[in-house]
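K.L.:
Before I ask anything, here is the structure I am working with.
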Amino acid sequence: MKYKIIDGSNTAPKTFEMEVSQALDNGWKLQGGIAVTEVGPDTYYYQAVVKE
């Protein structure tokens, strides 16, 4: 089983959404929910995915 973290920290939310959608289209499955962290003016997004 393979695990991957999609890191949307340096991208806009739309780009992060597209990266997650592309992973799903490539056979990856979501593992848990999206982690969103705000530090000052910065927002960090992460999504774990898994592939059998």
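Order determines the names: the first chain of the structure tokens is A, the second B, and so forth; residues in each chain are numbered 1 upward, and ligands are numbered 1 upward as they are shown.
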Which parts of chain A does DSSP call alpha helix (DSSP H) when run on the backbone here, written out as JSON, numbers by chain?
P.N.:
{"A": [13, 14, 15, 16, 17, 18, 19, 20, 21, 22, 23, 24, 25]}
K.L.:
Write a file of the selected residues as an mmCIF file, in the first residue's frame, keeping C-alpha atoms.
P.N.:
data_model
loop_
_atom_site.group_PDB
_atom_site.id
_atom_site.type_symbol
_atom_site.label_atom_id
_atom_site.label_comp_id
_atom_site.auth_asym_id
_atom_site.auth_seq_id
_atom_site.Cartn_x
_atom_site.Cartn_y
_atom_site.Cartn_z
ATOM 1 C CA PRO A 13 -7.168 26.578 -2.776
ATOM 2 C CA LYS A 14 -8.325 25.994 -6.380
ATOM 3 C CA THR A 15 -4.933 24.519 -7.317
ATOM 4 C CA PHE A 16 -4.999 22.297 -4.227
ATOM 5 C CA GLU A 17 -8.493 21.125 -5.192
ATOM 6 C CA MET A 18 -7.254 20.288 -8.689
ATOM 7 C CA GLU A 19 -4.274 18.325 -7.294
ATOM 8 C CA VAL A 20 -6.564 16.261 -5.048
ATOM 9 C CA SER A 21 -8.999 15.650 -7.921
ATOM 10 C CA GLN A 22 -6.139 14.546 -10.169
ATOM 11 C CA ALA A 23 -4.922 12.075 -7.523
ATOM 12 C CA LEU A 24 -8.440 10.628 -7.254
ATOM 13 C CA ASP A 25 -8.616 10.305 -11.040
#
K.L.:
As a short mmCIF file (atom, residue, chain, number, x, y, z; two decimals) with N, CA, C and O atoms, in the first residue's frame, please: every residue in range 12-44 of chain A that DSSP puts in strand (DSSP E or B).
P.N.:
data_model
loop_
_atom_site.label_atom_id
_atom_site.label_comp_id
_atom_site.auth_asym_id
_atom_site.auth_seq_id
_atom_site.Cartn_x
_atom_site.Cartn_y
_atom_site.Cartn_z
N LYS A 29 -7.11 7.06 -3.19
CA LYS A 29 -8.32 7.22 -2.38
C LYS A 29 -8.00 8.13 -1.19
O LYS A 29 -6.89 8.11 -0.66
N LEU A 30 -9.00 8.90 -0.79
CA LEU A 30 -8.81 9.81 0.35
C LEU A 30 -8.58 9.03 1.62
O LEU A 30 -9.21 8.00 1.85
N GLN A 31 -7.70 9.52 2.45
CA GLN A 31 -7.43 8.93 3.76
C GLN A 31 -7.65 10.04 4.79
O GLN A 31 -6.81 10.91 4.95
N GLY A 32 -8.78 10.03 5.45
CA GLY A 32 -9.09 11.08 6.40
C GLY A 32 -9.58 12.34 5.70
O GLY A 32 -9.93 12.31 4.51
N GLY A 33 -9.58 13.43 6.41
CA GLY A 33 -10.07 14.70 5.86
C GLY A 33 -8.93 15.65 5.57
O GLY A 33 -7.77 15.34 5.77
N ILE A 34 -9.28 16.80 5.09
CA ILE A 34 -8.30 17.84 4.79
C ILE A 34 -7.85 18.49 6.10
O ILE A 34 -8.67 18.82 6.94
N ALA A 35 -6.55 18.66 6.24
CA ALA A 35 -6.00 19.39 7.38
C ALA A 35 -5.76 20.82 6.93
O ALA A 35 -5.10 21.05 5.93
N VAL A 36 -6.32 21.76 7.67
CA VAL A 36 -6.15 23.18 7.37
C VAL A 36 -5.56 23.86 8.60
O VAL A 36 -6.11 23.73 9.69
N THR A 37 -4.44 24.54 8.41
CA THR A 37 -3.79 25.23 9.50
C THR A 37 -3.53 26.67 9.08
O THR A 37 -3.04 26.92 7.98
N GLU A 38 -3.85 27.59 9.96
CA GLU A 38 -3.58 29.00 9.70
C GLU A 38 -2.51 29.48 10.67
O GLU A 38 -2.64 29.30 11.88
N VAL A 39 -1.47 30.09 10.12
CA VAL A 39 -0.40 30.67 10.93
C VAL A 39 -0.23 32.10 10.45
O VAL A 39 0.27 32.33 9.35
N ASP A 42 -0.87 33.20 6.72
CA ASP A 42 -0.69 32.04 5.84
C ASP A 42 -1.65 30.91 6.19
O ASP A 42 -1.94 30.66 7.36
N THR A 43 -2.13 30.21 5.16
CA THR A 43 -2.99 29.06 5.34
C THR A 43 -2.34 27.86 4.67
O THR A 43 -1.88 27.95 3.53
N TYR A 44 -2.28 26.73 5.38
CA TYR A 44 -1.65 25.51 4.89
C TYR A 44 -2.71 24.42 4.75
O TYR A 44 -3.51 24.22 5.66
#
K.L.:
Between CA of Glu52 in chain A and CA of Asn26 in chain A, measure the distance and give it in Å to one decimal.
P.N.:
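According to the coordinates, CA of Glu52 in chain A and CA of Asn26 in chain A are separated by 11.9 Å.
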K.L.:
Taking a cut-off of 7 Å and counting only C-alpha atoms, can you build a table that, for each residue of range 18-50 of chain A near range 3-6 of chain A, reports the nearest atom pair and how far apart they are in Å (one decimal), sorted by chain then residue number, as CSV?
P.N.:
residue,atom,partner,partner_atom,distance
A:Tyr46,CA,A:Ile6,CA,5.6
A:Gln47,CA,A:Ile6,CA,5.1
A:Ala48,CA,A:Ile5,CA,4.5
A:Val49,CA,A:Lys4,CA,5.4
A:Val50,CA,A:Tyr3,CA,4.6
